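What follows is one structure encoded as structure tokens, with my remarks underneath.
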Amino acid sequence: MNADSYLIESFLEMLSAERGAAANTLAAYERDLRDLSEHCSAALAEADEGALRRYISGLPARGYAASSQARRLAALRQFFQFLYAEGSRTDDPTTTLDNPKKQAPLPKILSEDDVTRLLDLAEEEARLAGEKLAPLRMAALLEVLYATGLRVSELVSLPASVARRDARYFVVTGKGDKERLVPLSPPAREAMDRWIKRRDRAPAYADSHYLFPSRSAAAGYLPRQVFARDLKALAARAGLDPKAVSPHVLRHAFASHLLQNGADLRSVQQLLGHADISTTQIYTHVLEERLVRLVQDHHPLAGPKTSR
């Protein structure tokens with residue numbers, strides 16, 4: 001048995017005897033430590049911080065996710081703490097190692113085709129609604145949401161005054177009472193106009209301060225949960241997975257589709273009302289995809305090779 005194997009076996013015996021570690025845990029720790037031993041140029045009793053850092057930094061290239069890297073680092077920390085406590089080392093080289101950073105999950109979005117299906121169905125149902133309120137309201141909500149990228153709380157609490165002005169922009173108050181200018185597309189403008197004309201003929205709604213009022217809501221405007229529920233029902237009627245559709249997903253779609261079609265990240269930050277550009281950077285994968293397409297489509301060496 002070589003020196004590394006002896007230290008690993010001693011560590012595993014301690015885990016079993018003193019901490020009652022389960023067999024699966026012992027097996028996982030043994031795999032992790034033997035992998036380190038194989039990839040480390042020095043004996044484990046002599047491995048320094050640099051060697052361990054190089055080992056950990058090489059895990060992503062070997063296909064290890066951030067969670068797996070963190071678990072492996074936890075095993076190394078316990079092992080080297082054991083060696084230090086037992087006097088096999090005079091230091092613990094893991095004390096300054098940082099935990100691997102988990103990547104923020106990419107936002108769920110809908111394709112432009114999927115959003116078009118939702119908008120087209122909402123428009124068709126509104127056109128056939130007659131005097132029914134709900135289809136007209138859904139069409140207005142959906143058009144405004146996709147045209148502006150508003151947070152759902154900002155959308156449902158819009159004042160009725162935004163629909164009574166013939167303007168291409170309106171001011172919305174977002175988080176921290178910060179105001180921002182929001183552009184409005186012609187389809188959203190038309191959907192709001194159609195909705196408010198019908199809304200004003202409803203006695204229960206006509207005098208409300210809100211564009212999307214509710215008789216039952218304590219706040220006076222449509223609860224966001226009601227909009228989310230009705231949106232999922234619309235998605236199902238459009239042949240989409242209701243679980244994949246929500247007001248927040250449409251906000252992500254607004255931002256991603258803008259970037260895909262040439263908008264810059266700073267402009268999208270302002271439209272979304274993000275206080276910090278780092279919040280908007282979850283969409284950088286869209287920019288990266290666009291840059292790849294740009295090179296593939298326009299670089300002279302990216303196309304079929306021609307004789308020179």
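In the structure tokens, chains take the letters A, B, ... in the order shown, each chain's residues start at 1, and ligands count up from 1 in the order shown.
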**Prompt:** Do you know which residues are at most 6 Å from Ala160 in chain A counting only C-alpha atoms, after dropping those on the same chain fewer than 2 positions away, and could you put them as a PyMOL selection string?
**Reply:** chain A and resi 162-163+209-211
**Members of range 163-201 of chain A assigned helix (DSSP H, G or I) by DSSP, as a ChimeraX atom specification** = /A:163,175-177,186-199
**Item:** Proximity to Gly239 in chain A - best of A:Gly176, A:Leu44, A:Phe80, A:Val115, only C-alpha atoms
**Value:**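 Of A:Gly176, A:Leu44, A:Phe80, A:Val115, the one nearest Gly239 in chain A, counting only C-alpha atoms, is A:Val115.
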Pick out the residues sitting within 10 Å of range 266-269 of chain A, and hand them over as a PDB file with N, CA and C atoms, in the first residue's frame; count only C-alpha atoms, and ignore anything fewer than 2 positions along from it in its own chain.
ATOM      1  N   GLY A 149     -42.307  44.568 -21.462  1.00  0.00           N
ATOM      2  CA  GLY A 149     -41.498  43.817 -20.517  1.00  0.00           C
ATOM      3  C   GLY A 149     -41.730  44.213 -19.074  1.00  0.00           C
ATOM      4  N   PHE A 254     -39.567  39.076 -23.854  1.00  0.00           N
ATOM      5  CA  PHE A 254     -39.420  40.466 -24.312  1.00  0.00           C
ATOM      6  C   PHE A 254     -37.946  40.853 -24.388  1.00  0.00           C
ATOM      7  N   ALA A 255     -37.203  40.580 -23.293  1.00  0.00           N
ATOM      8  CA  ALA A 255     -35.792  40.969 -23.242  1.00  0.00           C
ATOM      9  C   ALA A 255     -34.954  40.159 -24.226  1.00  0.00           C
ATOM     10  N   SER A 256     -35.159  38.849 -24.242  1.00  0.00           N
ATOM     11  CA  SER A 256     -34.351  37.989 -25.100  1.00  0.00           C
ATOM     12  C   SER A 256     -34.590  38.283 -26.575  1.00  0.00           C
ATOM     13  N   LEU A 258     -35.563  41.092 -27.890  1.00  0.00           N
ATOM     14  CA  LEU A 258     -34.935  42.370 -28.226  1.00  0.00           C
ATOM     15  C   LEU A 258     -33.456  42.173 -28.526  1.00  0.00           C
ATOM     16  N   LEU A 259     -32.767  41.421 -27.663  1.00  0.00           N
ATOM     17  CA  LEU A 259     -31.336  41.194 -27.846  1.00  0.00           C
ATOM     18  C   LEU A 259     -31.064  40.391 -29.111  1.00  0.00           C
ATOM     19  N   ALA A 263     -30.868  44.703 -30.130  1.00  0.00           N
ATOM     20  CA  ALA A 263     -30.807  45.675 -29.029  1.00  0.00           C
ATOM     21  C   ALA A 263     -29.544  45.449 -28.204  1.00  0.00           C
ATOM     22  N   ASP A 264     -29.065  46.509 -27.560  1.00  0.00           N
ATOM     23  CA  ASP A 264     -27.889  46.367 -26.698  1.00  0.00           C
ATOM     24  C   ASP A 264     -28.331  46.134 -25.258  1.00  0.00           C
ATOM     25  N   LEU A 271     -35.105  49.336 -20.035  1.00  0.00           N
ATOM     26  CA  LEU A 271     -36.496  48.974 -20.304  1.00  0.00           C
ATOM     27  C   LEU A 271     -37.054  48.052 -19.224  1.00  0.00           C
ATOM     28  N   LEU A 272     -36.222  47.144 -18.717  1.00  0.00           N
ATOM     29  CA  LEU A 272     -36.678  46.209 -17.690  1.00  0.00           C
ATOM     30  C   LEU A 272     -36.745  46.856 -16.315  1.00  0.00           C
ATOM     31  N   GLY A 273     -36.061  47.980 -16.132  1.00  0.00           N
ATOM     32  CA  GLY A 273     -36.053  48.630 -14.830  1.00  0.00           C
ATOM     33  C   GLY A 273     -35.088  47.995 -13.854  1.00  0.00           C
ATOM     34  N   HIS A 274     -34.026  47.359 -14.376  1.00  0.00           N
ATOM     35  CA  HIS A 274     -33.008  46.778 -13.499  1.00  0.00           C
ATOM     36  C   HIS A 274     -32.097  47.887 -12.989  1.00  0.00           C
ATOM     37  N   ALA A 275     -31.887  47.915 -11.682  1.00  0.00           N
ATOM     38  CA  ALA A 275     -31.015  48.935 -11.103  1.00  0.00           C
ATOM     39  C   ALA A 275     -29.559  48.695 -11.464  1.00  0.00           C
ATOM     40  N   ASP A 276     -29.183  47.426 -11.633  1.00  0.00           N
ATOM     41  CA  ASP A 276     -27.786  47.062 -11.888  1.00  0.00           C
ATOM     42  C   ASP A 276     -27.696  46.251 -13.177  1.00  0.00           C
ATOM     43  N   ILE A 277     -26.708  46.561 -14.001  1.00  0.00           N
ATOM     44  CA  ILE A 277     -26.538  45.846 -15.267  1.00  0.00           C
ATOM     45  C   ILE A 277     -26.271  44.366 -15.036  1.00  0.00           C
ATOM     46  N   SER A 278     -25.719  44.004 -13.859  1.00  0.00           N
ATOM     47  CA  SER A 278     -25.415  42.594 -13.595  1.00  0.00           C
ATOM     48  C   SER A 278     -26.683  41.752 -13.581  1.00  0.00           C
ATOM     49  N   THR A 279     -27.813  42.344 -13.199  1.00  0.00           N
ATOM     50  CA  THR A 279     -29.083  41.612 -13.214  1.00  0.00           C
ATOM     51  C   THR A 279     -29.489  41.276 -14.641  1.00  0.00           C
ATOM     52  N   THR A 280     -29.223  42.186 -15.553  1.00  0.00           N
ATOM     53  CA  THR A 280     -29.589  41.994 -16.959  1.00  0.00           C
ATOM     54  C   THR A 280     -28.649  41.019 -17.651  1.00  0.00           C
ATOM     55  N   GLN A 281     -27.487  40.772 -17.051  1.00  0.00           N
ATOM     56  CA  GLN A 281     -26.484  39.934 -17.711  1.00  0.00           C
ATOM     57  C   GLN A 281     -26.868  38.458 -17.773  1.00  0.00           C
ATOM     58  N   TYR A 283     -28.976  37.528 -19.571  1.00  0.00           N
ATOM     59  CA  TYR A 283     -29.332  37.385 -20.991  1.00  0.00           C
ATOM     60  C   TYR A 283     -28.119  37.393 -21.904  1.00  0.00           C
TER      61      TYR A 283
END
**Message:** Residues near range 219-224 of chain A, anyone? I mean within 10 Å using only C-alpha atoms, not counting same-chain ones fewer than 5 positions away, as a ChimeraX atom specification.
**Reply:** /A:152-159,205,208-214,229-230,247
With N, CA and C atoms retained, write the just-selected residues as a short mmCIF file (atom, residue, chain, number, x, y, z; two decimals), in the first residue's frame.
data_model
loop_
_atom_site.label_atom_id
_atom_site.label_comp_id
_atom_site.auth_asym_id
_atom_site.auth_seq_id
_atom_site.Cartn_x
_atom_site.Cartn_y
_atom_site.Cartn_z
N VAL A 152 -45.03 41.86 -13.67
CA VAL A 152 -46.47 41.62 -13.62
C VAL A 152 -47.14 42.55 -12.62
N SER A 153 -46.45 42.86 -11.50
CA SER A 153 -47.04 43.77 -10.51
C SER A 153 -47.19 45.18 -11.08
N GLU A 154 -46.25 45.59 -11.95
CA GLU A 154 -46.35 46.90 -12.60
C GLU A 154 -47.48 46.91 -13.61
N LEU A 155 -47.64 45.79 -14.31
CA LEU A 155 -48.65 45.70 -15.37
C LEU A 155 -50.06 45.78 -14.81
N VAL A 156 -50.38 44.92 -13.84
CA VAL A 156 -51.77 44.86 -13.36
C VAL A 156 -52.16 46.12 -12.60
N SER A 157 -51.19 46.90 -12.11
CA SER A 157 -51.51 48.10 -11.33
C SER A 157 -51.38 49.38 -12.16
N LEU A 158 -51.30 49.26 -13.50
CA LEU A 158 -51.21 50.45 -14.34
C LEU A 158 -52.44 51.35 -14.14
N PRO A 159 -52.24 52.65 -14.08
CA PRO A 159 -53.40 53.56 -13.99
C PRO A 159 -54.13 53.64 -15.31
N TYR A 205 -66.54 49.04 -13.11
CA TYR A 205 -65.15 49.39 -13.42
C TYR A 205 -64.97 50.84 -13.83
N SER A 208 -62.98 53.31 -11.74
CA SER A 208 -61.74 52.84 -11.13
C SER A 208 -60.54 53.64 -11.62
N HIS A 209 -59.59 53.80 -10.74
CA HIS A 209 -58.33 54.47 -11.06
C HIS A 209 -57.42 53.59 -11.92
N TYR A 210 -57.69 52.27 -11.92
CA TYR A 210 -56.78 51.32 -12.56
C TYR A 210 -57.25 50.91 -13.94
N LEU A 211 -56.26 50.63 -14.80
CA LEU A 211 -56.57 50.17 -16.15
C LEU A 211 -57.21 48.79 -16.13
N PHE A 212 -56.75 47.94 -15.21
CA PHE A 212 -57.28 46.59 -15.10
C PHE A 212 -57.86 46.39 -13.69
N PRO A 213 -59.05 46.95 -13.45
CA PRO A 213 -59.61 46.90 -12.10
C PRO A 213 -60.18 45.53 -11.75
N SER A 214 -60.44 45.35 -10.48
CA SER A 214 -61.07 44.12 -10.00
C SER A 214 -62.04 44.48 -8.89
N ARG A 229 -53.18 32.72 -14.02
CA ARG A 229 -54.08 31.57 -14.25
C ARG A 229 -54.72 31.67 -15.63
N ASP A 230 -55.23 32.84 -15.97
CA ASP A 230 -55.88 33.02 -17.27
C ASP A 230 -54.88 32.88 -18.42
N PRO A 247 -46.46 35.14 -16.75
CA PRO A 247 -46.12 36.54 -17.03
C PRO A 247 -44.61 36.80 -16.98
#
**Request:** Just the residues within 12 Å of Lys243 in chain A, please, counting only C-alpha atoms, with nothing from its chain fewer than 5 positions along; format it as number ranges by chain.
**Result:** A: 108-110, 228-229, 231-236, 249
Can I get the selection written as a short mmCIF file (atom, residue, chain, number, x, y, z; two decimals), in the first residue's frame, with N, CA, C and O atoms?
data_model
loop_
_atom_site.label_atom_id
_atom_site.label_comp_id
_atom_site.auth_asym_id
_atom_site.auth_seq_id
_atom_site.Cartn_x
_atom_site.Cartn_y
_atom_site.Cartn_z
N LYS A 108 -36.12 31.06 -18.43
CA LYS A 108 -36.97 30.35 -19.36
C LYS A 108 -37.64 31.38 -20.28
O LYS A 108 -38.15 32.40 -19.83
N ILE A 109 -37.63 31.10 -21.57
CA ILE A 109 -38.26 32.02 -22.51
C ILE A 109 -39.10 31.23 -23.50
O ILE A 109 -38.96 30.01 -23.62
N LEU A 110 -39.93 31.96 -24.19
CA LEU A 110 -40.71 31.40 -25.29
C LEU A 110 -40.09 31.87 -26.60
O LEU A 110 -39.51 32.95 -26.67
N ALA A 228 -52.09 35.29 -14.18
CA ALA A 228 -51.24 34.12 -14.44
C ALA A 228 -52.09 32.89 -14.76
O ALA A 228 -51.77 32.12 -15.67
N ARG A 229 -53.18 32.72 -14.02
CA ARG A 229 -54.08 31.57 -14.25
C ARG A 229 -54.72 31.67 -15.63
O ARG A 229 -54.74 30.69 -16.38
N LEU A 231 -53.63 33.30 -18.20
CA LEU A 231 -52.61 33.17 -19.23
C LEU A 231 -52.28 31.71 -19.50
O LEU A 231 -52.10 31.30 -20.65
N LYS A 232 -52.21 30.91 -18.45
CA LYS A 232 -51.95 29.48 -18.64
C LYS A 232 -53.10 28.82 -19.40
O LYS A 232 -52.88 27.92 -20.23
N ALA A 233 -54.32 29.24 -19.12
CA ALA A 233 -55.47 28.70 -19.84
C ALA A 233 -55.40 29.08 -21.32
O ALA A 233 -55.68 28.25 -22.21
N LEU A 234 -54.99 30.31 -21.62
CA LEU A 234 -54.82 30.74 -23.00
C LEU A 234 -53.73 29.91 -23.68
O LEU A 234 -53.87 29.50 -24.84
N ALA A 235 -52.63 29.68 -22.95
CA ALA A 235 -51.52 28.88 -23.52
C ALA A 235 -52.00 27.49 -23.90
O ALA A 235 -51.64 26.96 -24.95
N ALA A 236 -52.82 26.89 -23.03
CA ALA A 236 -53.33 25.56 -23.31
C ALA A 236 -54.20 25.58 -24.57
O ALA A 236 -54.11 24.68 -25.42
N VAL A 249 -42.20 34.68 -17.63
CA VAL A 249 -41.58 34.10 -18.83
C VAL A 249 -41.74 35.04 -20.02
O VAL A 249 -40.82 35.19 -20.85
#
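If you count only C-alpha atoms and ignore residues fewer than 2 places along the chain from range 16-31 of chain A, what sits within 12 Å of it is A:Asp4, A:Ser5, A:Tyr6, A:Leu7, A:Ile8, A:Glu9, A:Ser10, A:Phe11, A:Leu12, A:Glu13, A:Met14, A:Leu33, A:Arg34, A:Asp35, A:Leu36, A:Ser37, A:Glu38, A:Ser68, A:Arg71, A:Arg72, A:Leu73, A:Ala74, A:Ala75, A:Leu76, A:Arg77, A:Gln78, A:Phe79.
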**Message:** From the options A:Pro93, A:Ser246, A:Arg151, A:Ala204, which residue's atoms come nearest to Gly174 in chain A, counting only C-alpha atoms?
**Reply:**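 The shortest atom-to-atom distance to Gly174 in chain A comes from A:Arg151.
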**Prompt:** Do you know which residues are at most 10 Å from range 129-134 of chain A counting only C-alpha atoms, after dropping those on the same chain fewer than 3 positions away, and could you put them as a list in words?
**Reply:**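 Near range 129-134 of chain A, the qualifying residues are Glu123, Glu124, Glu125, Ala126, Arg137, Met138, Ala139, Ala140, Trp195, Arg198, Arg199, Arg201, Ala202 and Asp230 of chain A.
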Considering only strand (DSSP E or B) as DSSP defines it on the backbone, what residues of range 6-253 of chain A qualify? List them as an mmCIF file with N, CA, C and O atoms, in the first residue's frame.
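Output (result_11.cif):
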data_model
loop_
_atom_site.group_PDB
_atom_site.id
_atom_site.type_symbol
_atom_site.label_atom_id
_atom_site.label_comp_id
_atom_site.auth_asym_id
_atom_site.auth_seq_id
_atom_site.Cartn_x
_atom_site.Cartn_y
_atom_site.Cartn_z
ATOM 1 N N PRO A 159 -52.239 52.654 -14.076
ATOM 2 C CA PRO A 159 -53.397 53.561 -13.986
ATOM 3 C C PRO A 159 -54.128 53.642 -15.312
ATOM 4 O O PRO A 159 -53.534 53.479 -16.385
ATOM 5 N N TYR A 169 -45.369 56.617 -25.462
ATOM 6 C CA TYR A 169 -44.641 56.271 -24.248
ATOM 7 C C TYR A 169 -45.519 56.538 -23.037
ATOM 8 O O TYR A 169 -46.437 57.357 -23.075
ATOM 9 N N PHE A 170 -45.224 55.846 -21.949
ATOM 10 C CA PHE A 170 -45.801 56.227 -20.670
ATOM 11 C C PHE A 170 -44.767 55.978 -19.580
ATOM 12 O O PHE A 170 -43.781 55.269 -19.783
ATOM 13 N N VAL A 171 -44.971 56.592 -18.438
ATOM 14 C CA VAL A 171 -44.046 56.480 -17.316
ATOM 15 C C VAL A 171 -44.594 55.457 -16.334
ATOM 16 O O VAL A 171 -45.775 55.498 -15.965
ATOM 17 N N VAL A 172 -43.750 54.511 -15.936
ATOM 18 C CA VAL A 172 -44.154 53.500 -14.964
ATOM 19 C C VAL A 172 -43.257 53.626 -13.737
ATOM 20 O O VAL A 172 -42.069 53.920 -13.851
ATOM 21 N N THR A 173 -43.848 53.430 -12.573
ATOM 22 C CA THR A 173 -43.095 53.462 -11.318
ATOM 23 C C THR A 173 -42.777 52.039 -10.908
ATOM 24 O O THR A 173 -43.670 51.221 -10.679
ATOM 25 N N GLU A 179 -38.924 55.758 -11.432
ATOM 26 C CA GLU A 179 -39.715 55.906 -12.638
ATOM 27 C C GLU A 179 -38.856 55.645 -13.876
ATOM 28 O O GLU A 179 -37.662 55.937 -13.890
ATOM 29 N N ARG A 180 -39.473 55.065 -14.887
ATOM 30 C CA ARG A 180 -38.788 54.863 -16.164
ATOM 31 C C ARG A 180 -39.781 55.059 -17.296
ATOM 32 O O ARG A 180 -40.999 54.860 -17.121
ATOM 33 N N LEU A 181 -39.255 55.451 -18.427
ATOM 34 C CA LEU A 181 -40.072 55.691 -19.620
ATOM 35 C C LEU A 181 -40.214 54.387 -20.388
ATOM 36 O O LEU A 181 -39.228 53.704 -20.664
ATOM 37 N N VAL A 182 -41.445 54.014 -20.727
ATOM 38 C CA VAL A 182 -41.719 52.742 -21.380
ATOM 39 C C VAL A 182 -42.391 53.009 -22.733
ATOM 40 O O VAL A 182 -43.446 53.639 -22.791
ATOM 41 N N PRO A 183 -41.768 52.552 -23.829
ATOM 42 C CA PRO A 183 -42.401 52.735 -25.148
ATOM 43 C C PRO A 183 -43.550 51.748 -25.346
ATOM 44 O O PRO A 183 -43.542 50.653 -24.777
ATOM 45 N N TYR A 210 -57.694 52.269 -11.916
ATOM 46 C CA TYR A 210 -56.777 51.321 -12.557
ATOM 47 C C TYR A 210 -57.247 50.915 -13.942
ATOM 48 O O TYR A 210 -58.447 50.817 -14.214
ATOM 49 N N PRO A 213 -59.045 46.946 -13.454
ATOM 50 C CA PRO A 213 -59.613 46.903 -12.096
ATOM 51 C C PRO A 213 -60.185 45.531 -11.753
ATOM 52 O O PRO A 213 -60.368 44.668 -12.611
ATOM 53 N N TYR A 221 -57.070 46.425 -8.078
ATOM 54 C CA TYR A 221 -56.707 46.034 -9.432
ATOM 55 C C TYR A 221 -56.614 44.516 -9.543
ATOM 56 O O TYR A 221 -56.591 43.795 -8.539
#
**Message:** Here is a test: counting only C-alpha atoms, which residue of A:Asp32, A:Ala45, A:Asp200, A:Ser216 is nearest to Phe82 in chain A?
**Reply:**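 Residue with the minimum atom-to-atom distance to Phe82 in chain A: A:Ala45.
CA of Val226 in chain A to CA of Arg189 in chain A spans 22.5 Å [interatomic distance, one decimal].
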